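Structure data follow from run-v4.pdb (PDB, N, CA and C atoms):
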```pdb
ATOM      1  N   MET A  25    -140.007  15.752  16.364
ATOM      2  CA  MET A  25    -141.053  16.632  15.880
ATOM      3  C   MET A  25    -141.739  15.983  14.682
ATOM      4  N   ASN A  26    -143.033  16.113  14.625
ATOM      5  CA  ASN A  26    -143.820  15.522  13.558
ATOM      6  C   ASN A  26    -143.739  16.398  12.317
ATOM      7  N   SER A  27    -143.227  15.859  11.224
ATOM      8  CA  SER A  27    -143.092  16.639  10.003
ATOM      9  C   SER A  27    -144.354  16.595   9.146
ATOM     10  N   ALA A  28    -145.425  15.946   9.614
ATOM     11  CA  ALA A  28    -146.666  15.886   8.849
ATOM     12  C   ALA A  28    -147.342  17.247   8.775
ATOM     13  N   PHE A  29    -147.042  18.126   9.713
ATOM     14  CA  PHE A  29    -147.633  19.448   9.719
ATOM     15  C   PHE A  29    -146.561  20.475   9.415
ATOM     16  N   PRO A  30    -146.728  21.229   8.349
ATOM     17  CA  PRO A  30    -145.708  22.227   8.027
ATOM     18  C   PRO A  30    -145.695  23.331   9.083
ATOM     19  N   PRO A  31    -144.517  23.862   9.385
ATOM     20  CA  PRO A  31    -144.452  24.944  10.361
ATOM     21  C   PRO A  31    -145.099  26.209   9.829
ATOM     22  N   CYS A  32    -145.586  27.005  10.720
ATOM     23  CA  CYS A  32    -146.164  28.287  10.370
ATOM     24  C   CYS A  32    -145.029  29.174   9.839
ATOM     25  N   PRO A  33    -145.113  29.675   8.605
ATOM     26  CA  PRO A  33    -143.997  30.412   8.031
ATOM     27  C   PRO A  33    -143.657  31.682   8.803
ATOM     28  N   ASN A  34    -144.640  32.308   9.370
ATOM     29  CA  ASN A  34    -144.431  33.526  10.139
ATOM     30  C   ASN A  34    -145.252  33.393  11.408
ATOM     31  N   ARG A  35    -144.589  33.352  12.535
ATOM     32  CA  ARG A  35    -145.267  33.087  13.804
ATOM     33  C   ARG A  35    -146.373  34.085  14.112
ATOM     34  N   ALA A  36    -146.271  35.296  13.620
ATOM     35  CA  ALA A  36    -147.288  36.315  13.887
ATOM     36  C   ALA A  36    -148.355  36.368  12.792
ATOM     37  N   GLU A  37    -148.199  35.556  11.756
ATOM     38  CA  GLU A  37    -149.132  35.593  10.635
ATOM     39  C   GLU A  37    -150.564  35.327  11.078
ATOM     40  N   TRP A  38    -150.761  34.421  12.031
ATOM     41  CA  TRP A  38    -152.117  34.102  12.453
ATOM     42  C   TRP A  38    -152.817  35.336  13.020
ATOM     43  N   ARG A  39    -152.071  36.199  13.717
ATOM     44  CA  ARG A  39    -152.680  37.421  14.287
ATOM     45  C   ARG A  39    -153.133  38.366  13.179
ATOM     46  N   THR A  40    -152.321  38.495  12.149
ATOM     47  CA  THR A  40    -152.660  39.362  11.023
ATOM     48  C   THR A  40    -153.908  38.850  10.312
ATOM     49  N   LEU A  41    -153.948  37.554  10.055
ATOM     50  CA  LEU A  41    -155.103  36.964   9.370
ATOM     51  C   LEU A  41    -156.355  37.025  10.238
ATOM     52  N   TYR A  42    -156.197  36.829  11.534
ATOM     53  CA  TYR A  42    -157.308  36.921  12.488
ATOM     54  C   TYR A  42    -157.906  38.327  12.460
ATOM     55  N   ARG A  43    -157.057  39.325  12.569
ATOM     56  CA  ARG A  43    -157.539  40.716  12.547
ATOM     57  C   ARG A  43    -158.221  41.044  11.218
ATOM     58  N   ALA A  44    -157.634  40.590  10.133
ATOM     59  CA  ALA A  44    -158.224  40.851   8.814
ATOM     60  C   ALA A  44    -159.618  40.228   8.709
ATOM     61  N   ALA A  45    -159.784  39.046   9.285
ATOM     62  CA  ALA A  45    -161.088  38.370   9.218
ATOM     63  C   ALA A  45    -162.145  39.095  10.041
ATOM     64  N   ILE A  46    -161.807  39.464  11.263
ATOM     65  CA  ILE A  46    -162.833  40.067  12.116
ATOM     66  C   ILE A  46    -163.113  41.526  11.780
ATOM     67  N   LEU A  47    -162.212  42.159  11.042
ATOM     68  CA  LEU A  47    -162.431  43.558  10.654
ATOM     69  C   LEU A  47    -162.968  43.702   9.233
ATOM     70  N   GLU A  48    -163.111  42.595   8.529
ATOM     71  CA  GLU A  48    -163.587  42.627   7.142
ATOM     72  C   GLU A  48    -165.031  43.138   7.088
ATOM     73  N   SER A  49    -165.302  44.038   6.172
ATOM     74  CA  SER A  49    -166.661  44.570   6.034
ATOM     75  C   SER A  49    -167.387  44.022   4.797
ATOM     76  N   ASP A  50    -166.653  43.438   3.878
ATOM     77  CA  ASP A  50    -167.257  42.869   2.671
ATOM     78  C   ASP A  50    -167.794  41.471   2.988
ATOM     79  N   GLN A  51    -169.107  41.357   3.077
ATOM     80  CA  GLN A  51    -169.753  40.091   3.458
ATOM     81  C   GLN A  51    -169.370  38.933   2.535
ATOM     82  N   SER A  52    -169.061  39.237   1.290
ATOM     83  CA  SER A  52    -168.765  38.164   0.343
ATOM     84  C   SER A  52    -167.419  37.492   0.595
ATOM     85  N   VAL A  53    -166.500  38.162   1.279
ATOM     86  CA  VAL A  53    -165.191  37.566   1.520
ATOM     87  C   VAL A  53    -164.974  37.129   2.973
ATOM     88  N   ILE A  54    -165.927  37.439   3.840
ATOM     89  CA  ILE A  54    -165.771  37.056   5.251
ATOM     90  C   ILE A  54    -165.560  35.553   5.414
ATOM     91  N   PRO A  55    -166.373  34.689   4.815
ATOM     92  CA  PRO A  55    -166.152  33.245   5.006
ATOM     93  C   PRO A  55    -164.741  32.797   4.596
ATOM     94  N   TRP A  56    -164.241  33.332   3.506
ATOM     95  CA  TRP A  56    -162.900  32.981   3.038
ATOM     96  C   TRP A  56    -161.844  33.449   4.028
ATOM     97  N   LYS A  57    -161.974  34.690   4.505
ATOM     98  CA  LYS A  57    -160.989  35.228   5.448
ATOM     99  C   LYS A  57    -161.036  34.499   6.787
ATOM    100  N   VAL A  58    -162.229  34.129   7.235
ATOM    101  CA  VAL A  58    -162.353  33.378   8.487
ATOM    102  C   VAL A  58    -161.689  32.007   8.338
ATOM    103  N   SER A  59    -161.919  31.341   7.220
ATOM    104  CA  SER A  59    -161.285  30.036   6.982
ATOM    105  C   SER A  59    -159.765  30.145   6.944
ATOM    106  N   GLU A  60    -159.280  31.178   6.284
ATOM    107  CA  GLU A  60    -157.838  31.394   6.193
ATOM    108  C   GLU A  60    -157.246  31.637   7.589
ATOM    109  N   ALA A  61    -157.926  32.439   8.392
ATOM    110  CA  ALA A  61    -157.447  32.724   9.751
ATOM    111  C   ALA A  61    -157.502  31.470  10.621
ATOM    112  N   GLU A  62    -158.575  30.689  10.505
ATOM    113  CA  GLU A  62    -158.680  29.443  11.272
ATOM    114  C   GLU A  62    -157.532  28.492  10.935
ATOM    115  N   THR A  63    -157.217  28.381   9.664
ATOM    116  CA  THR A  63    -156.126  27.512   9.231
ATOM    117  C   THR A  63    -154.804  27.962   9.846
ATOM    118  N   ALA A  64    -154.551  29.262   9.846
ATOM    119  CA  ALA A  64    -153.312  29.788  10.426
ATOM    120  C   ALA A  64    -153.268  29.581  11.942
ATOM    121  N   VAL A  65    -154.399  29.779  12.614
ATOM    122  CA  VAL A  65    -154.456  29.571  14.069
ATOM    123  C   VAL A  65    -154.191  28.108  14.397
ATOM    124  N   LEU A  66    -154.818  27.216  13.674
ATOM    125  CA  LEU A  66    -154.622  25.783  13.924
ATOM    126  C   LEU A  66    -153.185  25.346  13.630
ATOM    127  N   ALA A  67    -152.591  25.905  12.580
ATOM    128  CA  ALA A  67    -151.193  25.575  12.258
ATOM    129  C   ALA A  67    -150.269  26.038  13.377
ATOM    130  N   ARG A  68    -150.506  27.239  13.871
ATOM    131  CA  ARG A  68    -149.664  27.742  14.965
ATOM    132  C   ARG A  68    -149.886  26.936  16.239
ATOM    133  N   ARG A  69    -151.121  26.547  16.496
ATOM    134  CA  ARG A  69    -151.420  25.744  17.683
ATOM    135  C   ARG A  69    -150.700  24.397  17.619
ATOM    136  N   ARG A  70    -150.712  23.763  16.447
ATOM    137  CA  ARG A  70    -149.975  22.497  16.279
ATOM    138  C   ARG A  70    -148.485  22.712  16.488
ATOM    139  N   GLU A  71    -147.971  23.813  15.948
ATOM    140  CA  GLU A  71    -146.556  24.116  16.096
ATOM    141  C   GLU A  71    -146.188  24.275  17.574
ATOM    142  N   LEU A  72    -147.021  24.952  18.340
ATOM    143  CA  LEU A  72    -146.749  25.136  19.769
ATOM    144  C   LEU A  72    -146.876  23.828  20.536
ATOM    145  N   PHE A  73    -147.761  22.971  20.083
ATOM    146  CA  PHE A  73    -147.929  21.672  20.731
ATOM    147  C   PHE A  73    -146.628  20.873  20.678
ATOM    148  N   TYR A  74    -145.937  20.971  19.551
ATOM    149  CA  TYR A  74    -144.694  20.214  19.376
ATOM    150  C   TYR A  74    -143.453  20.965  19.834
ATOM    151  N   GLY A  75    -143.562  22.302  20.009
ATOM    152  CA  GLY A  75    -142.339  23.025  20.304
ATOM    153  C   GLY A  75    -142.419  24.113  21.348
ATOM    154  N   GLY A  76    -143.263  23.978  22.339
ATOM    155  CA  GLY A  76    -143.276  24.965  23.417
ATOM    156  C   GLY A  76    -144.195  26.139  23.152
ATOM    157  N   GLY A  77    -143.711  27.336  23.425
ATOM    158  CA  GLY A  77    -144.524  28.534  23.293
ATOM    159  C   GLY A  77    -144.971  29.010  24.663
ATOM    160  N   THR A  78    -145.474  30.227  24.703
ATOM    161  CA  THR A  78    -145.901  30.796  25.976
ATOM    162  C   THR A  78    -147.358  30.461  26.264
ATOM    163  N   ILE A  79    -147.689  30.484  27.527
ATOM    164  CA  ILE A  79    -149.086  30.260  27.938
ATOM    165  C   ILE A  79    -149.965  31.357  27.351
ATOM    166  N   ASP A  80    -149.473  32.590  27.343
ATOM    167  CA  ASP A  80    -150.260  33.709  26.803
ATOM    168  C   ASP A  80    -150.613  33.496  25.337
ATOM    169  N   GLU A  81    -149.649  33.049  24.549
ATOM    170  CA  GLU A  81    -149.947  32.821  23.133
ATOM    171  C   GLU A  81    -150.915  31.660  22.961
ATOM    172  N   LYS A  82    -150.744  30.611  23.745
ATOM    173  CA  LYS A  82    -151.665  29.471  23.657
ATOM    174  C   LYS A  82    -153.083  29.904  23.990
ATOM    175  N   GLU A  83    -153.244  30.724  25.013
ATOM    176  CA  GLU A  83    -154.570  31.230  25.376
ATOM    177  C   GLU A  83    -155.119  32.149  24.293
ATOM    178  N   SER A  84    -154.248  32.969  23.720
ATOM    179  CA  SER A  84    -154.672  33.853  22.632
ATOM    180  C   SER A  84    -155.158  33.055  21.425
ATOM    181  N   LEU A  85    -154.473  31.959  21.127
ATOM    182  CA  LEU A  85    -154.888  31.099  20.019
ATOM    183  C   LEU A  85    -156.258  30.481  20.284
ATOM    184  N   GLU A  86    -156.471  30.008  21.502
ATOM    185  CA  GLU A  86    -157.764  29.413  21.854
ATOM    186  C   GLU A  86    -158.874  30.456  21.759
ATOM    187  N   ASP A  87    -158.597  31.650  22.267
ATOM    188  CA  ASP A  87    -159.582  32.733  22.203
ATOM    189  C   ASP A  87    -159.900  33.103  20.759
ATOM    190  N   ALA A  88    -158.858  33.205  19.941
ATOM    191  CA  ALA A  88    -159.049  33.565  18.531
ATOM    192  C   ALA A  88    -159.863  32.502  17.803
ATOM    193  N   LEU A  89    -159.561  31.253  18.046
ATOM    194  CA  LEU A  89    -160.289  30.167  17.393
ATOM    195  C   LEU A  89    -161.759  30.177  17.804
ATOM    196  N   TYR A  90    -162.009  30.379  19.090
ATOM    197  CA  TYR A  90    -163.385  30.451  19.593
ATOM    198  C   TYR A  90    -164.137  31.603  18.918
ATOM    199  N   LEU A  91    -163.508  32.776  18.862
ATOM    200  CA  LEU A  91    -164.166  33.927  18.279
ATOM    201  C   LEU A  91    -164.396  33.750  16.782
ATOM    202  N   LEU A  92    -163.425  33.193  16.076
ATOM    203  CA  LEU A  92    -163.604  32.971  14.642
ATOM    204  C   LEU A  92    -164.773  32.035  14.359
ATOM    205  N   ARG A  93    -164.901  30.995  15.167
ATOM    206  CA  ARG A  93    -166.013  30.056  14.978
ATOM    207  C   ARG A  93    -167.351  30.701  15.318
ATOM    208  N   ALA A  94    -167.372  31.523  16.362
ATOM    209  CA  ALA A  94    -168.593  32.246  16.718
ATOM    210  C   ALA A  94    -168.948  33.252  15.623
ATOM    211  N   TYR A  95    -167.939  33.928  15.099
ATOM    212  CA  TYR A  95    -168.153  34.905  14.028
ATOM    213  C   TYR A  95    -168.701  34.224  12.780
ATOM    214  N   ARG A  96    -168.144  33.062  12.457
ATOM    215  CA  ARG A  96    -168.635  32.305  11.299
ATOM    216  C   ARG A  96    -170.109  31.933  11.489
ATOM    217  N   SER A  97    -170.444  31.455  12.679
ATOM    218  CA  SER A  97    -171.831  31.071  12.964
ATOM    219  C   SER A  97    -172.767  32.264  12.871
ATOM    220  N   ALA A  98    -172.338  33.400  13.412
ATOM    221  CA  ALA A  98    -173.168  34.606  13.363
ATOM    222  C   ALA A  98    -173.381  35.062  11.923
ATOM    223  N   CYS A  99    -172.333  35.034  11.117
ATOM    224  CA  CYS A  99    -172.454  35.425   9.710
ATOM    225  C   CYS A  99    -173.378  34.488   8.950
ATOM    226  N   GLU A 100    -173.264  33.188   9.222
ATOM    227  CA  GLU A 100    -174.137  32.216   8.566
ATOM    228  C   GLU A 100    -175.587  32.429   8.980
ATOM    229  N   TYR A 101    -175.812  32.756  10.255
ATOM    230  CA  TYR A 101    -177.170  33.019  10.736
ATOM    231  C   TYR A 101    -177.754  34.250  10.048
ATOM    232  N   VAL A 102    -176.990  35.333   9.992
ATOM    233  CA  VAL A 102    -177.461  36.561   9.343
ATOM    234  C   VAL A 102    -177.750  36.292   7.873
ATOM    235  N   GLU A 103    -176.866  35.562   7.239
ATOM    236  CA  GLU A 103    -177.050  35.232   5.828
ATOM    237  C   GLU A 103    -178.333  34.429   5.608
ATOM    238  N   SER A 104    -178.595  33.461   6.489
ATOM    239  CA  SER A 104    -179.803  32.648   6.344
ATOM    240  C   SER A 104    -181.056  33.460   6.636
ATOM    241  N   GLU A 105    -180.959  34.400   7.580
ATOM    242  CA  GLU A 105    -182.100  35.277   7.888
ATOM    243  C   GLU A 105    -182.412  36.184   6.723
ATOM    244  N   ILE A 106    -181.380  36.730   6.095
ATOM    245  CA  ILE A 106    -181.577  37.609   4.940
ATOM    246  C   ILE A 106    -182.178  36.821   3.783
ATOM    247  N   ALA A 107    -181.684  35.610   3.559
ATOM    248  CA  ALA A 107    -182.185  34.780   2.463
ATOM    249  C   ALA A 107    -183.634  34.395   2.673
ATOM    250  N   GLY A 108    -184.046  34.201   3.925
ATOM    251  CA  GLY A 108    -185.403  33.777   4.219
ATOM    252  C   GLY A 108    -186.342  34.904   4.566
ATOM    253  N   SER A 109    -185.879  36.152   4.500
ATOM    254  CA  SER A 109    -186.692  37.300   4.884
ATOM    255  C   SER A 109    -187.786  37.558   3.850
ATOM    256  N   PRO A 110    -189.059  37.717   4.314
ATOM    257  CA  PRO A 110    -190.148  38.015   3.394
ATOM    258  C   PRO A 110    -189.937  39.344   2.684
ATOM    259  N   ALA A 111    -189.385  40.340   3.370
ATOM    260  CA  ALA A 111    -189.156  41.636   2.757
ATOM    261  C   ALA A 111    -188.134  41.521   1.625
ATOM    262  N   LYS A 112    -187.154  40.672   1.788
ATOM    263  CA  LYS A 112    -186.128  40.481   0.771
ATOM    264  C   LYS A 112    -186.715  39.810  -0.476
ATOM    265  N   SER A 113    -187.583  38.806  -0.272
ATOM    266  CA  SER A 113    -188.144  38.089  -1.421
ATOM    267  C   SER A 113    -189.218  38.905  -2.129
ATOM    268  N   ALA A 114    -189.861  39.856  -1.411
ATOM    269  CA  ALA A 114    -190.901  40.680  -2.016
ATOM    270  C   ALA A 114    -190.305  41.815  -2.833
ATOM    271  N   ALA A 115    -189.074  42.167  -2.569
ATOM    272  CA  ALA A 115    -188.445  43.312  -3.237
ATOM    273  C   ALA A 115    -188.056  43.028  -4.650
TER     274      ALA A 115
END
```
Translate the structure of the given file into structure tokens.
Amino acid sequence: MNSAFPPCPNRAEWRTLYRAAILESDQSVIPWKVSEAETAVLARRRELFYGGGTIDEKESLEDALYLLRAYRSACEYVESEIAGSPAKSAA
């Protein structure tokens, strides 16, 4: 087993962080929570790569990573639209 990657301290932690990120309503902390969840998902994915795991969990990790990246992109798009909105700059 490769010791370059620390094991995920709690195997279910990625699910908790994932849910916290996608349910967050405070726009100012969404990027931080998404990054934290992505890190946990990737750590768990590496752990499963070296030590087994179920197909269902592997698929769940892939789905979560895809959604987190899509969510990040959507938030960045909304943020850029708000920043560039004429109504926002006129107010």
Write out as a short mmCIF file (atom, residue, chain, number, x, y, z; two decimals) with N, CA and C atoms, in the coordinates of the input each polymer residue whose atoms come within 8 Å of range 95-97 of chain A, counting only N, CA and C atoms; drop sequence neighbours fewer than 2 positions from it.
```
data_model
loop_
_atom_site.label_atom_id
_atom_site.label_comp_id
_atom_site.auth_asym_id
_atom_site.auth_seq_id
_atom_site.Cartn_x
_atom_site.Cartn_y
_atom_site.Cartn_z
N ILE A 46 -161.81 39.46 11.26
CA ILE A 46 -162.83 40.07 12.12
C ILE A 46 -163.11 41.53 11.78
N ILE A 54 -165.93 37.44 3.84
CA ILE A 54 -165.77 37.06 5.25
C ILE A 54 -165.56 35.55 5.41
N PRO A 55 -166.37 34.69 4.82
CA PRO A 55 -166.15 33.24 5.01
C PRO A 55 -164.74 32.80 4.60
N VAL A 58 -162.23 34.13 7.24
CA VAL A 58 -162.35 33.38 8.49
C VAL A 58 -161.69 32.01 8.34
N SER A 59 -161.92 31.34 7.22
CA SER A 59 -161.28 30.04 6.98
C SER A 59 -159.76 30.14 6.94
N LEU A 89 -159.56 31.25 18.05
CA LEU A 89 -160.29 30.17 17.39
C LEU A 89 -161.76 30.18 17.80
N TYR A 90 -162.01 30.38 19.09
CA TYR A 90 -163.38 30.45 19.59
C TYR A 90 -164.14 31.60 18.92
N LEU A 91 -163.51 32.78 18.86
CA LEU A 91 -164.17 33.93 18.28
C LEU A 91 -164.40 33.75 16.78
N LEU A 92 -163.43 33.19 16.08
CA LEU A 92 -163.60 32.97 14.64
C LEU A 92 -164.77 32.03 14.36
N ARG A 93 -164.90 31.00 15.17
CA ARG A 93 -166.01 30.06 14.98
C ARG A 93 -167.35 30.70 15.32
N CYS A 99 -172.33 35.03 11.12
CA CYS A 99 -172.45 35.42 9.71
C CYS A 99 -173.38 34.49 8.95
N GLU A 100 -173.26 33.19 9.22
CA GLU A 100 -174.14 32.22 8.57
C GLU A 100 -175.59 32.43 8.98
N TYR A 101 -175.81 32.76 10.26
CA TYR A 101 -177.17 33.02 10.74
C TYR A 101 -177.75 34.25 10.05
N VAL A 102 -176.99 35.33 9.99
CA VAL A 102 -177.46 36.56 9.34
C VAL A 102 -177.75 36.29 7.87
N GLU A 103 -176.87 35.56 7.24
CA GLU A 103 -177.05 35.23 5.83
C GLU A 103 -178.33 34.43 5.61
#
```
Atom N of Thr78 in chain A to atom C of Arg35 in chain A: how many Å, to one decimal?
-> 11.3 Å
Exercise on range 42-50 of chain A, axis-aligned box with 6 Å per side, report centre and edge lengths in Å to one decimal, as JSON:
```
{"center_x": -162.0, "center_y": 40.7, "center_z": 7.6, "size_x": 23.6, "size_y": 19.7, "size_z": 21.9}
```
Could you pull out the residues in range 30-103 of chain A that DSSP calls helix (DSSP H, G or I) from the backbone, as a ChimeraX atom specification?
-> /A:37-47,54-75,79-103
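Take CA of Ser52 in chain A and atom N of Asp87 in chain A: the distance between them is 25.0 Å.
Atom to atom, atom C of Ser49 in chain A and atom C of Arg68 in chain A stand 27.0 Å apart.
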Shortest contact to Thr63 in chain A, candidates A:Ile106, A:Ala88, A:Trp38, A:Glu48, atoms counted only C-alpha atoms, goes to A:Trp38
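Between Arg43 in chain A and the candidates A:Ser84, A:Ala61, A:Tyr74, A:Leu66, the tightest atom-to-atom separation, counting all atoms listed in the file, involves A:Ala61.
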